[in-house]
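J.: Questions regarding the structure given below will be posed in turn.
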Amino acid sequence: MRCLVTIGIVVGMIAMLACGRHHPDFYKAGMPRLLAEGTISTDRCETRCALTPDEKTLFFATMGWREGDSLNQDIYFSHWRNGRWLAPQPVPFNTEWQEFDPAVTPDGLWLYFCSDRPNGMGGSDIWRVAIDKNGFGEPENLGPIINSAGDEWGPSFSADGRVMVFSSDGRGGSGGHDLFRSVRAGEKWAFPANLGPQINSAFHEFDPCVVGLLDKVIFASERPGGPGGVDLWEAQCHHGIWQRAEPLPAPLNSEAWDSCPYLAPSGNVFYFSSTRRTHLPTAADIWMVEAR
């Protein structure tokens, strides 16, 4: 179960080709605000979100939305109509187990998510379902190349869909959850490579958000150096070399728990989850800030 914050070298070269591109600066875009207060962000718990390429459908993870179960995690979706988000609906592939961390591929054809449902590799695995005009396909486990006997969380994709970054505590590394990348060849994902010591630490690194063609990665960690219990960090890639991760500035980070970073496909809006309104780990909200 994964709550809010408990909540190889060769393939890596492909992911370095476009380091150093410019992206919107959401750091200077003013104060974050709640996403659709009362509809998406409620008095319960909402965490990681993802948009379809046209930004008309929002998927997001919840905890406590299921009647009579305050700790179960499910995935919901909402459609944008007439200038507002409609009442969310649960995805049909939710189970009695945990479903969380939705991520839509850049082509809009697949929804990836994490679950500890049976028939996985162990712990929480990364799964995917096809998206089409009729709804959703049947969930598919990504298999032992990506999933381990531990937990895999938070898949995120490069803009061209060729690189996936995720966190895992089942592959060794610096300690706790580390961030790993895998490069897609056709329909298959290659064996993952650790992102290295400039990003990973002896603490937990999770909730990656890939920007551009892996030009930078924004992620959450409870490592020292930030203002809260869990903070948002950023590492940039310059000329194929990862720079040391630094915490994002206020007001993105706070004295609360800030996690689940996500940049909209257009690059115009940055989303994240935070307990700053409640200071309760089981009552996070989704916040948003426009990029400039």
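FYI, nothing fancy with the structure tokens labels: chains A, B, ... in order, residues from 1 per chain, ligands from 1 as they appear.
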Going by DSSP on the backbone, which bits of region 30-237 of chain A are strand (DSSP E)? Write them as an MDAnalysis selection string, please.
T.: chainID A and resid 33:34 45:51 57:63 73:81 84:85 89:90 99:104 110:115 125:132 135:136 140:141 152:157 163:168 178:185 188:189 193:194 205:211 216:221 231:237
J.: For Phe100 (chain A), please output as a PyMOL selection string all residues within 10 Å (counting only C-alpha atoms; exclusion window: fewer than 2 positions along the same chain).
T.: chain A and resi 1-4+47-49+59-63+72-76+94+98+102-103+112-116+124+126+153-154
J.: For the residues in the current selection, export N, CA, C and O atoms as a short mmCIF file (atom, residue, chain, number, x, y, z; two decimals), in the first residue's frame.
T.:
data_model
loop_
_atom_site.label_atom_id
_atom_site.label_comp_id
_atom_site.auth_asym_id
_atom_site.auth_seq_id
_atom_site.Cartn_x
_atom_site.Cartn_y
_atom_site.Cartn_z
N MET A 1 0.85 -1.19 0.00
CA MET A 1 0.00 0.00 0.00
C MET A 1 0.87 1.23 0.00
O MET A 1 1.87 1.32 0.67
N ARG A 2 0.48 2.17 -0.81
CA ARG A 2 1.25 3.40 -0.92
C ARG A 2 0.33 4.57 -0.60
O ARG A 2 -0.52 4.91 -1.38
N CYS A 3 0.47 5.19 0.57
CA CYS A 3 -0.29 6.38 0.90
C CYS A 3 0.49 7.59 0.41
O CYS A 3 1.51 7.46 -0.25
N LEU A 4 0.01 8.78 0.76
CA LEU A 4 0.60 10.01 0.23
C LEU A 4 2.11 10.04 0.40
O LEU A 4 2.85 10.31 -0.56
N THR A 47 -4.53 12.95 -4.17
CA THR A 47 -3.08 13.01 -4.33
C THR A 47 -2.68 13.20 -5.80
O THR A 47 -2.92 14.25 -6.37
N ARG A 48 -2.10 12.19 -6.39
CA ARG A 48 -1.49 12.36 -7.71
C ARG A 48 -2.54 12.47 -8.80
O ARG A 48 -3.54 11.74 -8.81
N CYS A 49 -2.31 13.37 -9.77
CA CYS A 49 -3.26 13.56 -10.86
C CYS A 49 -2.54 13.45 -12.21
O CYS A 49 -1.32 13.50 -12.29
N PHE A 59 -7.53 12.46 -14.36
CA PHE A 59 -7.50 11.30 -13.47
C PHE A 59 -6.79 11.70 -12.19
O PHE A 59 -5.80 12.45 -12.24
N PHE A 60 -7.25 11.20 -11.06
CA PHE A 60 -6.56 11.51 -9.81
C PHE A 60 -6.80 10.40 -8.80
O PHE A 60 -7.79 9.66 -8.87
N ALA A 61 -5.86 10.28 -7.87
CA ALA A 61 -5.93 9.26 -6.83
C ALA A 61 -6.61 9.83 -5.59
O ALA A 61 -6.43 11.01 -5.25
N THR A 62 -7.39 8.99 -4.94
CA THR A 62 -8.11 9.40 -3.75
C THR A 62 -7.86 8.41 -2.62
O THR A 62 -7.45 7.27 -2.84
N MET A 63 -8.11 8.88 -1.42
CA MET A 63 -8.13 7.98 -0.26
C MET A 63 -9.31 8.39 0.61
O MET A 63 -9.50 9.57 0.91
N ASN A 72 -8.84 3.23 1.93
CA ASN A 72 -8.69 2.62 0.62
C ASN A 72 -8.39 3.68 -0.44
O ASN A 72 -8.99 4.76 -0.45
N GLN A 73 -7.46 3.38 -1.33
CA GLN A 73 -7.10 4.29 -2.41
C GLN A 73 -7.74 3.83 -3.72
O GLN A 73 -7.65 2.66 -4.09
N ASP A 74 -8.38 4.75 -4.40
CA ASP A 74 -9.02 4.49 -5.68
C ASP A 74 -8.67 5.60 -6.66
O ASP A 74 -8.26 6.70 -6.26
N ILE A 75 -8.88 5.32 -7.93
CA ILE A 75 -8.67 6.32 -8.98
C ILE A 75 -10.03 6.80 -9.48
O ILE A 75 -10.92 5.99 -9.75
N TYR A 76 -10.16 8.11 -9.60
CA TYR A 76 -11.37 8.74 -10.13
C TYR A 76 -11.00 9.56 -11.36
O TYR A 76 -9.82 9.87 -11.60
N ASN A 94 -11.10 -0.12 -10.55
CA ASN A 94 -10.81 -0.13 -9.11
C ASN A 94 -11.22 -1.47 -8.52
O ASN A 94 -12.17 -2.11 -8.98
N GLN A 98 -5.63 -1.56 -3.47
CA GLN A 98 -5.25 -0.16 -3.64
C GLN A 98 -4.98 0.15 -5.12
O GLN A 98 -4.22 -0.58 -5.77
N PRO A 102 -2.13 7.51 -11.02
CA PRO A 102 -2.44 7.45 -12.45
C PRO A 102 -1.46 8.27 -13.28
O PRO A 102 -0.95 9.30 -12.83
N ALA A 103 -1.18 7.81 -14.49
CA ALA A 103 -0.31 8.52 -15.43
C ALA A 103 -0.77 8.19 -16.85
O ALA A 103 -0.90 7.02 -17.20
N TYR A 112 -1.48 4.39 -17.10
CA TYR A 112 -0.69 3.59 -16.18
C TYR A 112 -1.13 3.91 -14.76
O TYR A 112 -1.56 5.04 -14.47
N PHE A 113 -1.01 2.94 -13.86
CA PHE A 113 -1.36 3.17 -12.47
C PHE A 113 -0.63 2.14 -11.61
O PHE A 113 -0.02 1.19 -12.13
N CYS A 114 -0.71 2.31 -10.32
CA CYS A 114 -0.07 1.39 -9.38
C CYS A 114 -1.14 0.69 -8.55
O CYS A 114 -2.18 1.26 -8.24
N SER A 115 -0.86 -0.56 -8.19
CA SER A 115 -1.82 -1.33 -7.41
C SER A 115 -1.11 -2.49 -6.72
O SER A 115 -0.14 -3.04 -7.25
N ASP A 116 -1.64 -2.85 -5.55
CA ASP A 116 -1.16 -4.04 -4.85
C ASP A 116 -2.12 -5.22 -5.04
O ASP A 116 -2.10 -6.17 -4.26
N SER A 124 3.43 -3.25 -4.38
CA SER A 124 2.65 -2.49 -5.36
C SER A 124 3.38 -2.50 -6.69
O SER A 124 4.58 -2.22 -6.74
N ILE A 126 3.35 -1.58 -11.11
CA ILE A 126 2.83 -0.69 -12.15
C ILE A 126 2.02 -1.52 -13.15
O ILE A 126 2.50 -2.55 -13.65
N TRP A 153 6.19 2.77 -7.68
CA TRP A 153 5.23 3.86 -7.58
C TRP A 153 5.48 4.90 -8.67
O TRP A 153 6.58 5.03 -9.21
N GLY A 154 4.45 5.68 -8.95
CA GLY A 154 4.56 6.96 -9.63
C GLY A 154 5.17 6.99 -11.01
O GLY A 154 6.10 7.77 -11.24
#
J.: Interatomic distance between CA of Pro249 (chain A) and CA of Leu232 (chain A)?
T.: 8.7 Å
J.: Pick out the residues sitting within 6 Å of region 258-261 of chain A, and hand them over as a ChimeraX atom specification; count only C-alpha atoms, and ignore anything fewer than 4 positions along from it in its own chain.
T.: /A:48,207,209,220,230-232,271-274
J.: Mind writing the picked residues with N, CA, C and O atoms as a PDB file, in the first residue's frame?
T.:
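Resulting contents of out02.pdb:
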ATOM      1  N   ARG A  48      -2.097  12.194  -6.388  1.00  0.00           N
ATOM      2  CA  ARG A  48      -1.488  12.360  -7.706  1.00  0.00           C
ATOM      3  C   ARG A  48      -2.541  12.467  -8.803  1.00  0.00           C
ATOM      4  O   ARG A  48      -3.536  11.743  -8.806  1.00  0.00           O
ATOM      5  N   ASP A 207       7.380   9.860  -6.435  1.00  0.00           N
ATOM      6  CA  ASP A 207       6.512  10.801  -7.155  1.00  0.00           C
ATOM      7  C   ASP A 207       7.262  11.595  -8.227  1.00  0.00           C
ATOM      8  O   ASP A 207       7.196  12.826  -8.256  1.00  0.00           O
ATOM      9  N   CYS A 209       8.147  13.549 -11.638  1.00  0.00           N
ATOM     10  CA  CYS A 209       7.484  14.254 -12.730  1.00  0.00           C
ATOM     11  C   CYS A 209       8.555  14.582 -13.764  1.00  0.00           C
ATOM     12  O   CYS A 209       9.442  15.406 -13.514  1.00  0.00           O
ATOM     13  N   ALA A 220       9.395  14.039  -5.039  1.00  0.00           N
ATOM     14  CA  ALA A 220       9.181  14.259  -3.608  1.00  0.00           C
ATOM     15  C   ALA A 220      10.198  13.463  -2.808  1.00  0.00           C
ATOM     16  O   ALA A 220      10.629  12.387  -3.214  1.00  0.00           O
ATOM     17  N   VAL A 230       7.806  16.303   3.989  1.00  0.00           N
ATOM     18  CA  VAL A 230       8.068  15.839   2.624  1.00  0.00           C
ATOM     19  C   VAL A 230       8.027  17.062   1.732  1.00  0.00           C
ATOM     20  O   VAL A 230       7.112  17.894   1.825  1.00  0.00           O
ATOM     21  N   ASP A 231       9.022  17.192   0.854  1.00  0.00           N
ATOM     22  CA  ASP A 231       9.132  18.381   0.011  1.00  0.00           C
ATOM     23  C   ASP A 231       9.312  18.008  -1.449  1.00  0.00           C
ATOM     24  O   ASP A 231       9.652  16.875  -1.790  1.00  0.00           O
ATOM     25  N   LEU A 232       9.094  19.001  -2.299  1.00  0.00           N
ATOM     26  CA  LEU A 232       9.331  18.868  -3.734  1.00  0.00           C
ATOM     27  C   LEU A 232      10.758  19.292  -4.061  1.00  0.00           C
ATOM     28  O   LEU A 232      11.221  20.347  -3.609  1.00  0.00           O
ATOM     29  N   TYR A 271       0.734  21.077 -11.085  1.00  0.00           N
ATOM     30  CA  TYR A 271      -0.117  20.555 -10.034  1.00  0.00           C
ATOM     31  C   TYR A 271       0.740  19.836  -8.992  1.00  0.00           C
ATOM     32  O   TYR A 271       1.789  19.280  -9.316  1.00  0.00           O
ATOM     33  N   PHE A 272       0.274  19.804  -7.766  1.00  0.00           N
ATOM     34  CA  PHE A 272       0.923  19.012  -6.737  1.00  0.00           C
ATOM     35  C   PHE A 272      -0.082  18.757  -5.619  1.00  0.00           C
ATOM     36  O   PHE A 272      -1.149  19.391  -5.551  1.00  0.00           O
ATOM     37  N   SER A 273       0.249  17.817  -4.750  1.00  0.00           N
ATOM     38  CA  SER A 273      -0.602  17.489  -3.618  1.00  0.00           C
ATOM     39  C   SER A 273       0.043  18.023  -2.352  1.00  0.00           C
ATOM     40  O   SER A 273       1.266  17.984  -2.206  1.00  0.00           O
ATOM     41  N   SER A 274      -0.789  18.527  -1.436  1.00  0.00           N
ATOM     42  CA  SER A 274      -0.240  19.107  -0.219  1.00  0.00           C
ATOM     43  C   SER A 274      -1.239  18.971   0.927  1.00  0.00           C
ATOM     44  O   SER A 274      -2.453  19.024   0.728  1.00  0.00           O
TER      45      SER A 274
END
J.: Please provide the set of residues having any atom within 12 Å of region 193-198 of chain A, restricted to only C-alpha atoms, with same-chain residues fewer than 5 positions apart removed, written as a PDB file with N, CA and C atoms, in the first residue's frame.
T.:
ATOM      1  N   GLY A   8      19.703   0.599 -17.404  1.00  0.00           N
ATOM      2  CA  GLY A   8      21.126   0.468 -17.403  1.00  0.00           C
ATOM      3  C   GLY A   8      21.812   1.631 -18.085  1.00  0.00           C
ATOM      4  N   ILE A   9      22.986   1.823 -17.959  1.00  0.00           N
ATOM      5  CA  ILE A   9      23.809   2.916 -18.445  1.00  0.00           C
ATOM      6  C   ILE A   9      23.576   3.166 -19.936  1.00  0.00           C
ATOM      7  N   VAL A  10      23.446   2.119 -20.736  1.00  0.00           N
ATOM      8  CA  VAL A  10      23.272   2.300 -22.182  1.00  0.00           C
ATOM      9  C   VAL A  10      21.939   2.944 -22.490  1.00  0.00           C
ATOM     10  N   VAL A  11      20.891   2.434 -21.938  1.00  0.00           N
ATOM     11  CA  VAL A  11      19.586   3.017 -22.231  1.00  0.00           C
ATOM     12  C   VAL A  11      19.494   4.421 -21.684  1.00  0.00           C
ATOM     13  N   GLY A  12      20.248   4.728 -20.642  1.00  0.00           N
ATOM     14  CA  GLY A  12      20.203   6.070 -20.086  1.00  0.00           C
ATOM     15  C   GLY A  12      20.695   7.120 -21.049  1.00  0.00           C
ATOM     16  N   MET A  13      21.592   6.765 -21.973  1.00  0.00           N
ATOM     17  CA  MET A  13      22.108   7.743 -22.916  1.00  0.00           C
ATOM     18  C   MET A  13      21.000   8.291 -23.811  1.00  0.00           C
ATOM     19  N   ILE A  14      20.031   7.456 -24.139  1.00  0.00           N
ATOM     20  CA  ILE A  14      18.937   7.919 -24.988  1.00  0.00           C
ATOM     21  C   ILE A  14      18.151   9.014 -24.301  1.00  0.00           C
ATOM     22  N   ALA A  15      18.000   8.917 -22.996  1.00  0.00           N
ATOM     23  CA  ALA A  15      17.191   9.874 -22.245  1.00  0.00           C
ATOM     24  C   ALA A  15      17.885  11.212 -22.073  1.00  0.00           C
ATOM     25  N   MET A  16      19.145  11.337 -22.462  1.00  0.00           N
ATOM     26  CA  MET A  16      19.893  12.566 -22.236  1.00  0.00           C
ATOM     27  C   MET A  16      19.942  13.474 -23.456  1.00  0.00           C
ATOM     28  N   ILE A 145      10.375  -7.093 -15.721  1.00  0.00           N
ATOM     29  CA  ILE A 145      11.405  -6.143 -16.147  1.00  0.00           C
ATOM     30  C   ILE A 145      11.272  -4.841 -15.370  1.00  0.00           C
ATOM     31  N   ILE A 146      10.033  -4.381 -15.167  1.00  0.00           N
ATOM     32  CA  ILE A 146       9.773  -3.131 -14.452  1.00  0.00           C
ATOM     33  C   ILE A 146       9.453  -3.386 -12.985  1.00  0.00           C
ATOM     34  N   VAL A 163      10.618   7.475 -22.572  1.00  0.00           N
ATOM     35  CA  VAL A 163      11.272   7.257 -21.284  1.00  0.00           C
ATOM     36  C   VAL A 163      10.224   7.271 -20.179  1.00  0.00           C
ATOM     37  N   MET A 164      10.293   6.316 -19.297  1.00  0.00           N
ATOM     38  CA  MET A 164       9.449   6.270 -18.106  1.00  0.00           C
ATOM     39  C   MET A 164      10.337   6.321 -16.871  1.00  0.00           C
ATOM     40  N   VAL A 165      10.001   7.203 -15.936  1.00  0.00           N
ATOM     41  CA  VAL A 165      10.688   7.291 -14.653  1.00  0.00           C
ATOM     42  C   VAL A 165       9.697   6.884 -13.574  1.00  0.00           C
ATOM     43  N   PHE A 166      10.163   6.115 -12.618  1.00  0.00           N
ATOM     44  CA  PHE A 166       9.313   5.651 -11.526  1.00  0.00           C
ATOM     45  C   PHE A 166      10.186   5.424 -10.305  1.00  0.00           C
ATOM     46  N   SER A 167       9.542   5.190  -9.155  1.00  0.00           N
ATOM     47  CA  SER A 167      10.306   4.898  -7.943  1.00  0.00           C
ATOM     48  C   SER A 167      10.148   3.435  -7.571  1.00  0.00           C
ATOM     49  N   SER A 168      11.172   2.910  -6.917  1.00  0.00           N
ATOM     50  CA  SER A 168      11.155   1.509  -6.493  1.00  0.00           C
ATOM     51  C   SER A 168      12.027   1.343  -5.265  1.00  0.00           C
ATOM     52  N   ASP A 169      11.584   0.444  -4.365  1.00  0.00           N
ATOM     53  CA  ASP A 169      12.428   0.057  -3.242  1.00  0.00           C
ATOM     54  C   ASP A 169      12.842  -1.407  -3.345  1.00  0.00           C
ATOM     55  N   GLY A 170      12.656  -1.990  -4.538  1.00  0.00           N
ATOM     56  CA  GLY A 170      12.964  -3.396  -4.719  1.00  0.00           C
ATOM     57  C   GLY A 170      14.141  -3.656  -5.638  1.00  0.00           C
ATOM     58  N   ARG A 171      14.955  -2.626  -5.925  1.00  0.00           N
ATOM     59  CA  ARG A 171      16.055  -2.781  -6.876  1.00  0.00           C
ATOM     60  C   ARG A 171      17.393  -2.315  -6.304  1.00  0.00           C
ATOM     61  N   GLY A 172      17.482  -2.198  -4.986  1.00  0.00           N
ATOM     62  CA  GLY A 172      18.717  -1.689  -4.409  1.00  0.00           C
ATOM     63  C   GLY A 172      18.838  -0.202  -4.669  1.00  0.00           C
ATOM     64  N   GLY A 173      20.023   0.338  -4.510  1.00  0.00           N
ATOM     65  CA  GLY A 173      20.231   1.751  -4.752  1.00  0.00           C
ATOM     66  C   GLY A 173      20.754   2.457  -3.523  1.00  0.00           C
ATOM     67  N   SER A 174      20.383   3.735  -3.402  1.00  0.00           N
ATOM     68  CA  SER A 174      20.948   4.566  -2.344  1.00  0.00           C
ATOM     69  C   SER A 174      20.270   4.364  -1.002  1.00  0.00           C
ATOM     70  N   GLY A 175      19.038   3.844  -1.016  1.00  0.00           N
ATOM     71  CA  GLY A 175      18.299   3.632   0.224  1.00  0.00           C
ATOM     72  C   GLY A 175      16.846   4.002   0.058  1.00  0.00           C
ATOM     73  N   HIS A 177      13.158   4.265  -1.275  1.00  0.00           N
ATOM     74  CA  HIS A 177      12.768   4.336  -2.682  1.00  0.00           C
ATOM     75  C   HIS A 177      13.765   5.200  -3.446  1.00  0.00           C
ATOM     76  N   ASP A 178      14.221   4.711  -4.584  1.00  0.00           N
ATOM     77  CA  ASP A 178      15.035   5.480  -5.523  1.00  0.00           C
ATOM     78  C   ASP A 178      14.249   5.699  -6.802  1.00  0.00           C
ATOM     79  N   LEU A 179      14.691   6.671  -7.594  1.00  0.00           N
ATOM     80  CA  LEU A 179      14.112   6.897  -8.910  1.00  0.00           C
ATOM     81  C   LEU A 179      14.905   6.129  -9.968  1.00  0.00           C
ATOM     82  N   PHE A 180      14.167   5.492 -10.869  1.00  0.00           N
ATOM     83  CA  PHE A 180      14.737   4.705 -11.962  1.00  0.00           C
ATOM     84  C   PHE A 180      14.125   5.163 -13.281  1.00  0.00           C
ATOM     85  N   ARG A 181      14.844   4.916 -14.377  1.00  0.00           N
ATOM     86  CA  ARG A 181      14.316   5.222 -15.708  1.00  0.00           C
ATOM     87  C   ARG A 181      14.388   3.972 -16.572  1.00  0.00           C
ATOM     88  N   SER A 182      13.440   3.877 -17.470  1.00  0.00           N
ATOM     89  CA  SER A 182      13.426   2.802 -18.457  1.00  0.00           C
ATOM     90  C   SER A 182      13.122   3.422 -19.811  1.00  0.00           C
ATOM     91  N   VAL A 183      13.717   2.893 -20.848  1.00  0.00           N
ATOM     92  CA  VAL A 183      13.510   3.384 -22.209  1.00  0.00           C
ATOM     93  C   VAL A 183      12.687   2.357 -22.978  1.00  0.00           C
ATOM     94  N   PHE A 203      17.498   8.579   1.757  1.00  0.00           N
ATOM     95  CA  PHE A 203      16.092   8.735   2.114  1.00  0.00           C
ATOM     96  C   PHE A 203      15.221   8.252   0.947  1.00  0.00           C
ATOM     97  N   GLU A 205      13.010   8.765  -2.333  1.00  0.00           N
ATOM     98  CA  GLU A 205      12.682   9.621  -3.477  1.00  0.00           C
ATOM     99  C   GLU A 205      11.526   8.964  -4.224  1.00  0.00           C
ATOM    100  N   PHE A 206      10.483   9.707  -4.493  1.00  0.00           N
ATOM    101  CA  PHE A 206       9.293   9.120  -5.114  1.00  0.00           C
ATOM    102  C   PHE A 206       8.512  10.222  -5.834  1.00  0.00           C
ATOM    103  N   PRO A 208       7.965  10.956  -9.148  1.00  0.00           N
ATOM    104  CA  PRO A 208       8.672  11.734 -10.168  1.00  0.00           C
ATOM    105  C   PRO A 208       7.722  12.402 -11.153  1.00  0.00           C
ATOM    106  N   LEU A 214      13.169  14.407 -20.509  1.00  0.00           N
ATOM    107  CA  LEU A 214      14.002  14.173 -19.335  1.00  0.00           C
ATOM    108  C   LEU A 214      15.019  15.298 -19.166  1.00  0.00           C
ATOM    109  N   LYS A 216      14.540  17.660 -17.025  1.00  0.00           N
ATOM    110  CA  LYS A 216      14.593  17.772 -15.572  1.00  0.00           C
ATOM    111  C   LYS A 216      13.600  16.784 -14.991  1.00  0.00           C
ATOM    112  N   VAL A 217      13.766  16.508 -13.716  1.00  0.00           N
ATOM    113  CA  VAL A 217      12.801  15.679 -13.001  1.00  0.00           C
ATOM    114  C   VAL A 217      12.492  16.361 -11.681  1.00  0.00           C
ATOM    115  N   TRP A 233      11.431  18.465  -4.853  1.00  0.00           N
ATOM    116  CA  TRP A 233      12.810  18.712  -5.256  1.00  0.00           C
ATOM    117  C   TRP A 233      12.895  18.687  -6.777  1.00  0.00           C
ATOM    118  N   GLU A 234      13.944  19.328  -7.293  1.00  0.00           N
ATOM    119  CA  GLU A 234      14.152  19.356  -8.745  1.00  0.00           C
ATOM    120  C   GLU A 234      15.615  19.089  -9.062  1.00  0.00           C
ATOM    121  N   ALA A 235      15.831  18.251 -10.075  1.00  0.00           N
ATOM    122  CA  ALA A 235      17.179  18.024 -10.607  1.00  0.00           C
ATOM    123  C   ALA A 235      17.148  18.309 -12.099  1.00  0.00           C
ATOM    124  N   GLN A 236      18.097  19.082 -12.586  1.00  0.00           N
ATOM    125  CA  GLN A 236      18.181  19.438 -13.996  1.00  0.00           C
ATOM    126  C   GLN A 236      19.317  18.684 -14.665  1.00  0.00           C
ATOM    127  N   CYS A 237      19.132  18.461 -15.953  1.00  0.00           N
ATOM    128  CA  CYS A 237      20.133  17.777 -16.759  1.00  0.00           C
ATOM    129  C   CYS A 237      20.799  18.793 -17.678  1.00  0.00           C
ATOM    130  N   ILE A 241      24.470  15.609 -18.112  1.00  0.00           N
ATOM    131  CA  ILE A 241      24.924  15.362 -16.742  1.00  0.00           C
ATOM    132  C   ILE A 241      23.858  15.869 -15.770  1.00  0.00           C
ATOM    133  N   TRP A 242      23.448  15.004 -14.858  1.00  0.00           N
ATOM    134  CA  TRP A 242      22.495  15.420 -13.835  1.00  0.00           C
ATOM    135  C   TRP A 242      23.160  16.335 -12.825  1.00  0.00           C
ATOM    136  N   GLN A 243      22.482  17.457 -12.524  1.00  0.00           N
ATOM    137  CA  GLN A 243      22.941  18.363 -11.479  1.00  0.00           C
ATOM    138  C   GLN A 243      22.320  17.942 -10.145  1.00  0.00           C
ATOM    139  N   ARG A 244      22.934  18.339  -9.066  1.00  0.00           N
ATOM    140  CA  ARG A 244      22.437  17.940  -7.754  1.00  0.00           C
ATOM    141  C   ARG A 244      21.042  18.510  -7.507  1.00  0.00           C
ATOM    142  N   ALA A 245      20.169  17.692  -6.966  1.00  0.00           N
ATOM    143  CA  ALA A 245      18.786  18.100  -6.719  1.00  0.00           C
ATOM    144  C   ALA A 245      18.725  19.198  -5.663  1.00  0.00           C
ATOM    145  N   GLU A 246      17.798  20.132  -5.884  1.00  0.00           N
ATOM    146  CA  GLU A 246      17.570  21.236  -4.953  1.00  0.00           C
ATOM    147  C   GLU A 246      16.081  21.325  -4.639  1.00  0.00           C
TER     148      GLU A 246
END
J.: Choose the residue, out of A:Gly64, A:Pro144, A:Pro192, A:Gly30, that has the smallest atom-to-atom separation from Cys45 (chain A); count only C-alpha atoms.
T.: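 Of all the options, A:Gly64 lies closest to Cys45 (chain A).
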J.: With only C-alpha atoms as the atoms that count, which of A:Pro88, A:Ala149, A:Thr42, A:Thr57 lies nearest to Leu111 (chain A)?
T.: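 Closest to Leu111 (chain A) of all the choices is A:Thr57.
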J.: Which neighbours of Pro227 (chain A) fall inside 10 Å, counting only C-alpha atoms, when residues of the same chain fewer than 2 positions from it are skipped, and could you give them as a ChimeraX atom specification?
T.: /A:222,224-225,229-232,247-250,253-258
J.: Got time to write the residues from that selection, N, CA, C and O atoms, as a short mmCIF file (atom, residue, chain, number, x, y, z; two decimals), in the first residue's frame?
T.:
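Result file selection02.cif:
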data_model
loop_
_atom_site.label_atom_id
_atom_site.label_comp_id
_atom_site.auth_asym_id
_atom_site.auth_seq_id
_atom_site.Cartn_x
_atom_site.Cartn_y
_atom_site.Cartn_z
N GLU A 222 11.62 13.00 1.62
CA GLU A 222 11.61 13.46 3.01
C GLU A 222 13.04 13.71 3.49
O GLU A 222 13.28 13.87 4.69
N PRO A 224 16.55 15.69 4.41
CA PRO A 224 16.76 17.00 5.02
C PRO A 224 17.03 18.07 3.95
O PRO A 224 17.46 17.76 2.84
N GLY A 225 16.76 19.31 4.30
CA GLY A 225 17.06 20.42 3.40
C GLY A 225 15.84 21.18 2.93
O GLY A 225 15.98 22.26 2.36
N GLY A 229 7.92 18.08 6.14
CA GLY A 229 8.21 16.66 6.34
C GLY A 229 8.50 15.94 5.05
O GLY A 229 9.35 15.05 4.98
N VAL A 230 7.81 16.30 3.99
CA VAL A 230 8.07 15.84 2.62
C VAL A 230 8.03 17.06 1.73
O VAL A 230 7.11 17.89 1.83
N ASP A 231 9.02 17.19 0.85
CA ASP A 231 9.13 18.38 0.01
C ASP A 231 9.31 18.01 -1.45
O ASP A 231 9.65 16.88 -1.79
N LEU A 232 9.09 19.00 -2.30
CA LEU A 232 9.33 18.87 -3.73
C LEU A 232 10.76 19.29 -4.06
O LEU A 232 11.22 20.35 -3.61
N PRO A 247 15.72 21.76 -3.43
CA PRO A 247 14.29 21.90 -3.11
C PRO A 247 13.67 23.05 -3.88
O PRO A 247 14.32 24.07 -4.14
N LEU A 248 12.41 22.89 -4.27
CA LEU A 248 11.69 23.98 -4.89
C LEU A 248 11.42 25.07 -3.86
O LEU A 248 11.30 24.80 -2.67
N PRO A 249 11.28 26.31 -4.31
CA PRO A 249 11.07 27.41 -3.37
C PRO A 249 9.63 27.47 -2.87
O PRO A 249 8.73 26.83 -3.43
N ALA A 250 9.42 28.23 -1.81
CA ALA A 250 8.06 28.59 -1.40
C ALA A 250 7.47 29.51 -2.48
O ALA A 250 8.22 30.23 -3.15
N ASN A 253 6.79 24.62 -1.93
CA ASN A 253 7.04 23.86 -0.71
C ASN A 253 6.53 24.64 0.49
O ASN A 253 6.49 25.88 0.50
N SER A 254 6.14 23.92 1.52
CA SER A 254 5.60 24.52 2.73
C SER A 254 6.08 23.72 3.93
O SER A 254 6.86 22.77 3.79
N GLU A 255 5.61 24.08 5.12
CA GLU A 255 5.96 23.33 6.31
C GLU A 255 5.15 22.05 6.43
O GLU A 255 5.38 21.25 7.34
N ALA A 256 4.22 21.83 5.52
CA ALA A 256 3.41 20.62 5.50
C ALA A 256 4.09 19.57 4.62
O ALA A 256 5.28 19.64 4.35
N TRP A 257 3.32 18.60 4.14
CA TRP A 257 3.82 17.57 3.23
C TRP A 257 3.41 17.94 1.81
O TRP A 257 2.22 18.06 1.51
N ASP A 258 4.38 18.11 0.93
CA ASP A 258 4.14 18.48 -0.46
C ASP A 258 4.72 17.40 -1.36
O ASP A 258 5.89 17.04 -1.23
#
J.: May I ask which of the residues A:Trp110, A:Leu252, A:Trp127, A:Ser156 is the closest one to Ile286 (chain A), counting only C-alpha atoms?
T.: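 Among the listed residues, A:Leu252 lies closest to Ile286 (chain A).
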J.: Tell me which of A:Leu142, A:Ala185, A:Ala202, A:Val269 sits closest to Arg292 (chain A), counting only C-alpha atoms.
T.: A:Val269
J.: Identify which of the residues A:Leu263, A:Ala159, A:Glu138, A:Gly186 lies closest to Asp215 (chain A), counting only C-alpha atoms when measuring atom-to-atom distances.
T.: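 Closest to Asp215 (chain A) of all the choices is A:Ala159.
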J.: Counting only C-alpha atoms, which of A:Lys133, A:Arg184, A:His238, A:Arg44 gets nearest to Leu280 (chain A)?
T.: A:Arg44
